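Read the structure below first, then the notes.
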Amino acid sequence: MGNHFLLYRSNLKIKGFLIMFFLIFSFAYSQEDTLVISKKAIRASVRAEKIEKGELLFTPFGGVGATPELGFSVAIGGIFSFKTDKHDTIIQRSSNTLSLSYSTKNAVVLFNRITSYWFEDKIRFNTDVWLKKMPDNYWGVGYNEGRYTEKSDSTTAYDRLWWQLNPQIVYRLRNNLYAGLNIDFNQTVSENENPKMKEDPCFMQYGSNNFNSGLGLVILYDSRDVPVNAWKGVHVLFEATFYSDYFGSDNVYQVYDLDYRHYVNLFHRTGSILAWQIRFRSSRADVPWGELSQLGTPFDFRGYVWGRYRDEDMQFNIVEYRYQVKGRNPFNKNELSRHGLVAWGGIGSVGKGIGCFDYWLPNYGFGYRFEVQPRMNLRLDVGFGNDSMGVYVNFNEAF
């Protein structure tokens with residue numbers, strides 16, 4: 001009886017998420033089609049003129065989502081796009097996405113991502129800013145802890161404050177090859193830890209308050225046509241970041257990150273894209289529990305609790321198909337509308353060492369895209385994993 005009741009509740013949740021997904025899809029679609037044509041033409045003309053002149057464009061946004069760690073949430077934010085030099089015909093438009101959300105679990109999340117191009121794309125400056133204050137769950141370290149530890153107030157629950165400031169600057173050495181620096185400041189503070197967490201070896205070693213600061217090397221090869229929404233090209237990023245008390249860090253450790261992405265056109269049709277990503281992250285030495293390699297972010301394993309699976313090393317593989325529907329579009333003249341659909345599938349794991357990925361987690365999902373600015377999308381994804389799912393609302397592609 002209990003299993004049937006849980007299954008019934010799970011089905012209700014899935015149906016509720018799907019209904020919300022299609023309501024948002026229908027709303028976005030009707031918004032475009034029910035506007036007065038003359039008003040649309042005027043706005044499109046103004047936008048096109050601003051884009052041509054390289055001026056600032058701002059698109060506000062408000063919406064709802066639901067992730068396994070946050071529950072239902074309401075988000076507001078927007079995307080700015082601009083050219084760092086209006087007379088530079090080589091550089092792409094830079095972007096700044098900002099979102100602030102509040103959830104039914106009393107969680108507050110602030111996210112800001114800046115992607116900018118300078119001096120004929122000789123310099124790229126990117127920054128991620130995060131702030132999370134939320135009730136959270138800590139399962140422990142390793143696949144088995146994440147998979148088999150029961151979620152409850154006495155085994156996983158605690159309160160977390162986490163922030164991160166992660167600027168990165170790279171300089172073009174030749175053609176598509178860049179090199180530069182990665183800077184990372186982050187802090188995790190926990191409160192109201194459950195009894196099991198207080199006895200966890202990793203938590204006992206590093207405690208409830210960890211400030212970490214590091215400096216690292218970045219090597220980037222990037223031949224993508226538009227990095228925030230690529231239709232073709234290759235992206236290979238290697239980062240080696242060293243956290244040390246010389247930089248004021250509470251802990252001394254290293255993080256190595258290799259990220260490979262590839263984008264190809266399918267069926268000789270514009271807007272039909274197959275994209276895949278392979279990523280390996282390794283953390284070594286005295287790595288605090290909050291900064292171990294983790295699966296389940298809004299940019300990889302959509303559908304899992306962020307941080308449920310954590311260990312020294314993490315690896316995942318994702319394949320995603322993206323299809324932009326044909327139709328009218330004020331941003332381009334290639335017969336593609338502002339609407340798109342995606343579907344993805346992947347596997348990932350955590351462990352200690354490359355040869356220690358013994359258990360693999362599945363991930364799959366589908367999504368809707370709405371082009372709010374040229375090649376910049378509002379993203380709505382529904383992701384599924386082992387006994388979990390989530391609905392994500394964000395700007396630009398996951399990868």
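Chain labels run A, B, ... following the order of the structure tokens; each chain numbers its residues from 1, and ligands are numbered from 1 in the order shown.
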If we count only C-alpha atoms, what is near Leu177 of chain A at a cut-off of 12 Å, once residues fewer than 6 positions away on the same chain are taken out, given as a PDB file with C-alpha atoms, in the first residue's frame?
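Once written, result.pdb looks like this:
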```pdb
ATOM      1  CA  ASP A 121      38.289  38.937 -29.166  1.00  0.00           C
ATOM      2  CA  LYS A 122      41.916  38.968 -28.044  1.00  0.00           C
ATOM      3  CA  ILE A 123      40.738  38.951 -24.435  1.00  0.00           C
ATOM      4  CA  ARG A 124      37.780  37.148 -22.866  1.00  0.00           C
ATOM      5  CA  VAL A 170      42.127  34.485 -21.047  1.00  0.00           C
ATOM      6  CA  TYR A 171      44.286  35.966 -23.831  1.00  0.00           C
ATOM      7  CA  VAL A 218      43.497  28.081 -17.960  1.00  0.00           C
ATOM      8  CA  ILE A 219      44.107  26.722 -21.459  1.00  0.00           C
ATOM      9  CA  LEU A 220      41.212  27.048 -23.897  1.00  0.00           C
ATOM     10  CA  TYR A 221      40.643  25.994 -27.489  1.00  0.00           C
ATOM     11  CA  ASP A 222      37.381  27.430 -28.797  1.00  0.00           C
ATOM     12  CA  SER A 223      36.209  27.300 -32.417  1.00  0.00           C
ATOM     13  CA  ARG A 224      32.476  27.684 -31.640  1.00  0.00           C
ATOM     14  CA  VAL A 234      34.697  22.583 -30.647  1.00  0.00           C
ATOM     15  CA  HIS A 235      35.401  23.743 -27.100  1.00  0.00           C
ATOM     16  CA  VAL A 236      38.226  22.207 -25.030  1.00  0.00           C
ATOM     17  CA  LEU A 237      38.958  23.744 -21.624  1.00  0.00           C
ATOM     18  CA  PHE A 238      41.611  22.705 -19.120  1.00  0.00           C
TER      19      PHE A 238
END
```
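By only C-alpha atoms, and with residues fewer than 5 positions from Leu266 of chain A along its chain excluded, the set lying at most 12 Å from it is Trp231, Lys232, Gly271, Ser272, Ile273, Leu274, Ala275, Tyr321, Arg322, Tyr323 and Gln324 of chain A.
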Take the residues that were just selected and, keeping C-alpha atoms, output them as a PDB file, in the first residue's frame.
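out-v3.pdb was written with the following content:
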```
ATOM      1  CA  TRP A 231      25.691  25.635 -33.814  1.00  0.00           C
ATOM      2  CA  LYS A 232      29.137  24.360 -34.801  1.00  0.00           C
ATOM      3  CA  GLY A 271      18.963  24.984 -36.383  1.00  0.00           C
ATOM      4  CA  SER A 272      19.324  21.167 -36.197  1.00  0.00           C
ATOM      5  CA  ILE A 273      22.251  20.633 -33.833  1.00  0.00           C
ATOM      6  CA  LEU A 274      23.781  17.611 -32.136  1.00  0.00           C
ATOM      7  CA  ALA A 275      25.896  18.624 -29.133  1.00  0.00           C
ATOM      8  CA  TYR A 321      19.815  17.256 -29.715  1.00  0.00           C
ATOM      9  CA  ARG A 322      18.586  20.813 -30.346  1.00  0.00           C
ATOM     10  CA  TYR A 323      15.944  21.701 -32.900  1.00  0.00           C
ATOM     11  CA  GLN A 324      14.860  25.245 -33.719  1.00  0.00           C
TER      12      GLN A 324
END
```
Each residue of segment 224-295 of chain A with at least one atom at most 12 Å from segment 143-157 of chain A should appear once, together with its nearest atom pair and the corresponding distance in Å (one decimal); atoms considered: only C-alpha atoms; ordering: chain, then increasing residue number; output as a Markdown table.
```
| residue | atom | partner | partner_atom | distance |
| --- | --- | --- | --- | --- |
| A:Ser293 | CA | A:Tyr143 | CA | 11.7 |
| A:Gln294 | CA | A:Tyr143 | CA | 10.6 |
| A:Leu295 | CA | A:Tyr143 | CA | 10.7 |
```
Test item: residues at most 12 Å from Gly340 of chain A, only C-alpha atoms, excluding those fewer than 6 positions along its chain, as a short mmCIF file (atom, residue, chain, number, x, y, z; two decimals) with N, CA and C atoms, in the first residue's frame:
```
data_model
loop_
_atom_site.label_atom_id
_atom_site.label_comp_id
_atom_site.auth_asym_id
_atom_site.auth_seq_id
_atom_site.Cartn_x
_atom_site.Cartn_y
_atom_site.Cartn_z
N PHE A 25 5.10 26.74 -22.11
CA PHE A 25 5.32 26.67 -23.54
C PHE A 25 4.20 27.39 -24.29
N ALA A 28 4.35 31.19 -23.76
CA ALA A 28 5.40 31.86 -24.54
C ALA A 28 5.01 31.92 -26.01
N TYR A 29 4.42 30.81 -26.50
CA TYR A 29 4.06 30.76 -27.92
C TYR A 29 2.95 31.76 -28.22
N GLY A 271 19.76 25.11 -37.60
CA GLY A 271 18.96 24.98 -36.38
C GLY A 271 18.73 23.55 -35.94
N SER A 272 19.39 22.57 -36.60
CA SER A 272 19.32 21.17 -36.20
C SER A 272 20.72 20.78 -35.72
N ILE A 273 20.92 20.73 -34.40
CA ILE A 273 22.25 20.63 -33.83
C ILE A 273 22.36 19.42 -32.92
N TYR A 321 20.27 16.84 -28.38
CA TYR A 321 19.82 17.26 -29.72
C TYR A 321 18.96 18.51 -29.57
N ARG A 322 19.27 19.52 -30.40
CA ARG A 322 18.59 20.81 -30.35
C ARG A 322 17.96 21.12 -31.71
N TYR A 323 16.70 21.47 -31.66
CA TYR A 323 15.94 21.70 -32.90
C TYR A 323 15.20 23.03 -32.80
N GLN A 324 15.55 23.96 -33.69
CA GLN A 324 14.86 25.25 -33.72
C GLN A 324 13.79 25.22 -34.81
N VAL A 325 12.55 25.53 -34.41
CA VAL A 325 11.40 25.45 -35.30
C VAL A 325 11.45 26.55 -36.35
N LYS A 326 10.97 26.25 -37.56
CA LYS A 326 10.94 27.27 -38.61
C LYS A 326 9.80 28.24 -38.38
N GLY A 327 9.97 29.47 -38.86
CA GLY A 327 8.95 30.48 -38.70
C GLY A 327 9.54 31.88 -38.73
N PHE A 366 14.08 16.62 -21.46
CA PHE A 366 13.69 17.39 -22.64
C PHE A 366 13.47 18.83 -22.21
N GLY A 367 13.41 19.73 -23.20
CA GLY A 367 13.28 21.13 -22.86
C GLY A 367 12.73 21.97 -23.98
N TYR A 368 12.45 23.21 -23.65
CA TYR A 368 11.92 24.21 -24.59
C TYR A 368 12.83 25.43 -24.56
N ARG A 369 13.02 26.04 -25.73
CA ARG A 369 13.84 27.24 -25.84
C ARG A 369 13.03 28.37 -26.49
N PHE A 370 13.24 29.58 -25.97
CA PHE A 370 12.63 30.75 -26.57
C PHE A 370 13.70 31.82 -26.71
N GLU A 371 13.96 32.24 -27.95
CA GLU A 371 15.04 33.18 -28.23
C GLU A 371 14.63 34.60 -27.81
N VAL A 372 15.25 35.10 -26.74
CA VAL A 372 14.91 36.41 -26.21
C VAL A 372 15.77 37.52 -26.82
N ARG A 375 20.48 34.65 -30.73
CA ARG A 375 21.23 33.47 -30.30
C ARG A 375 21.37 33.38 -28.79
N MET A 376 20.44 33.99 -28.06
CA MET A 376 20.43 33.91 -26.60
C MET A 376 19.03 33.48 -26.17
N ASN A 377 18.95 32.32 -25.52
CA ASN A 377 17.67 31.69 -25.26
C ASN A 377 17.28 31.72 -23.79
N LEU A 378 15.97 31.76 -23.57
CA LEU A 378 15.41 31.40 -22.28
C LEU A 378 15.27 29.89 -22.29
N ARG A 379 15.78 29.23 -21.24
CA ARG A 379 15.85 27.77 -21.21
C ARG A 379 14.92 27.20 -20.16
N LEU A 380 14.07 26.26 -20.58
CA LEU A 380 13.20 25.53 -19.67
C LEU A 380 13.45 24.04 -19.88
N ASP A 381 14.01 23.38 -18.86
CA ASP A 381 14.37 21.97 -18.96
C ASP A 381 13.65 21.14 -17.91
N GLU A 397 22.23 28.08 -23.04
CA GLU A 397 22.24 26.62 -23.01
C GLU A 397 22.97 26.10 -21.77
#
```
Contacts of Thr89 of chain A at 12 Å (only C-alpha atoms; same-chain gap of 5+ positions) as number ranges by chain: A: 51-54, 83-84, 117-121
Those same residues, written as an mmCIF file, in the first residue's frame with N, CA and C atoms?
```cif
data_model
loop_
_atom_site.group_PDB
_atom_site.id
_atom_site.type_symbol
_atom_site.label_atom_id
_atom_site.label_comp_id
_atom_site.auth_asym_id
_atom_site.auth_seq_id
_atom_site.Cartn_x
_atom_site.Cartn_y
_atom_site.Cartn_z
ATOM 1 N N ILE A 51 20.943 46.298 -32.049
ATOM 2 C CA ILE A 51 21.910 45.240 -32.301
ATOM 3 C C ILE A 51 22.941 45.690 -33.329
ATOM 4 N N GLU A 52 22.473 46.342 -34.379
ATOM 5 C CA GLU A 52 23.365 46.820 -35.436
ATOM 6 C C GLU A 52 24.380 47.819 -34.884
ATOM 7 N N LYS A 53 23.955 48.650 -33.949
ATOM 8 C CA LYS A 53 24.830 49.679 -33.376
ATOM 9 C C LYS A 53 25.645 49.162 -32.192
ATOM 10 N N GLY A 54 25.399 47.916 -31.784
ATOM 11 C CA GLY A 54 26.131 47.361 -30.661
ATOM 12 C C GLY A 54 25.700 47.909 -29.320
ATOM 13 N N LYS A 83 27.980 45.204 -26.745
ATOM 14 C CA LYS A 83 29.308 45.101 -27.329
ATOM 15 C C LYS A 83 30.257 45.985 -26.537
ATOM 16 N N THR A 84 31.418 45.419 -26.184
ATOM 17 C CA THR A 84 32.385 46.197 -25.417
ATOM 18 C C THR A 84 32.987 47.322 -26.261
ATOM 19 N N TYR A 117 33.693 39.829 -24.309
ATOM 20 C CA TYR A 117 34.727 39.757 -25.339
ATOM 21 C C TYR A 117 35.295 41.160 -25.554
ATOM 22 N N TRP A 118 36.648 41.256 -25.611
ATOM 23 C CA TRP A 118 37.300 42.551 -25.651
ATOM 24 C C TRP A 118 38.394 42.570 -26.726
ATOM 25 N N PHE A 119 38.604 43.754 -27.326
ATOM 26 C CA PHE A 119 39.736 44.020 -28.220
ATOM 27 C C PHE A 119 39.849 42.988 -29.336
ATOM 28 N N GLU A 120 38.809 42.964 -30.183
ATOM 29 C CA GLU A 120 38.750 42.055 -31.326
ATOM 30 C C GLU A 120 38.895 40.595 -30.887
ATOM 31 N N ASP A 121 38.298 40.283 -29.748
ATOM 32 C CA ASP A 121 38.289 38.937 -29.166
ATOM 33 C C ASP A 121 39.689 38.441 -28.802
#
```
Which of segment 296-372 of chain A end up as strand (DSSP E) when DSSP is run on this backbone - answer as a PyMOL selection string? chain A and resi 310-311+313-326+336-351+361-372
Could you check how far atom CA of Leu173 of chain A sits from atom CA of Ala398 of chain A, in Å to one decimal? 27.1 Å
Per DSSP on the backbone, what are the helix (DSSP H, G or I) residues of segment 39-279 of chain A, as JSON, numbers by chain? {"A": [39, 40, 41, 42, 43, 44, 45, 46, 47, 48, 49, 50, 51, 52, 53, 143, 144, 145, 146, 147, 148, 195, 196, 197, 198, 201, 202, 203, 204, 205, 206, 227, 228, 229, 245, 246, 247]}
Of the listed residues A:Gln373, A:Ala179, A:Asp250, A:Gly365, that which approaches Leu56 of chain A most closely, counting only C-alpha atoms: A:Gln373
Considering only C-alpha atoms, can you say which of A:Ala240, A:Leu341, A:Ile114, A:Val109 comes closest to Val228 of chain A?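 Among the listed residues, the smallest separation from Val228 of chain A belongs to A:Ile114.
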Rank A:Phe185, A:Phe395, A:Phe72, A:Tyr263 by their smallest atom-to-atom distance to Tyr243 of chain A, using only C-alpha atoms, and report the top residue only.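 Looking at the shortest contact to Tyr243 of chain A, the residue is A:Phe185.
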Extract, using only C-alpha atoms, all DNA, RNA and protein residues at most 12 Å from Asn96 of chain A, discarding same-chain residues fewer than 4 positions from it, and format them as a ChimeraX atom specification. /A:56-60,77-83,111-117,125-129,228,376,395-396
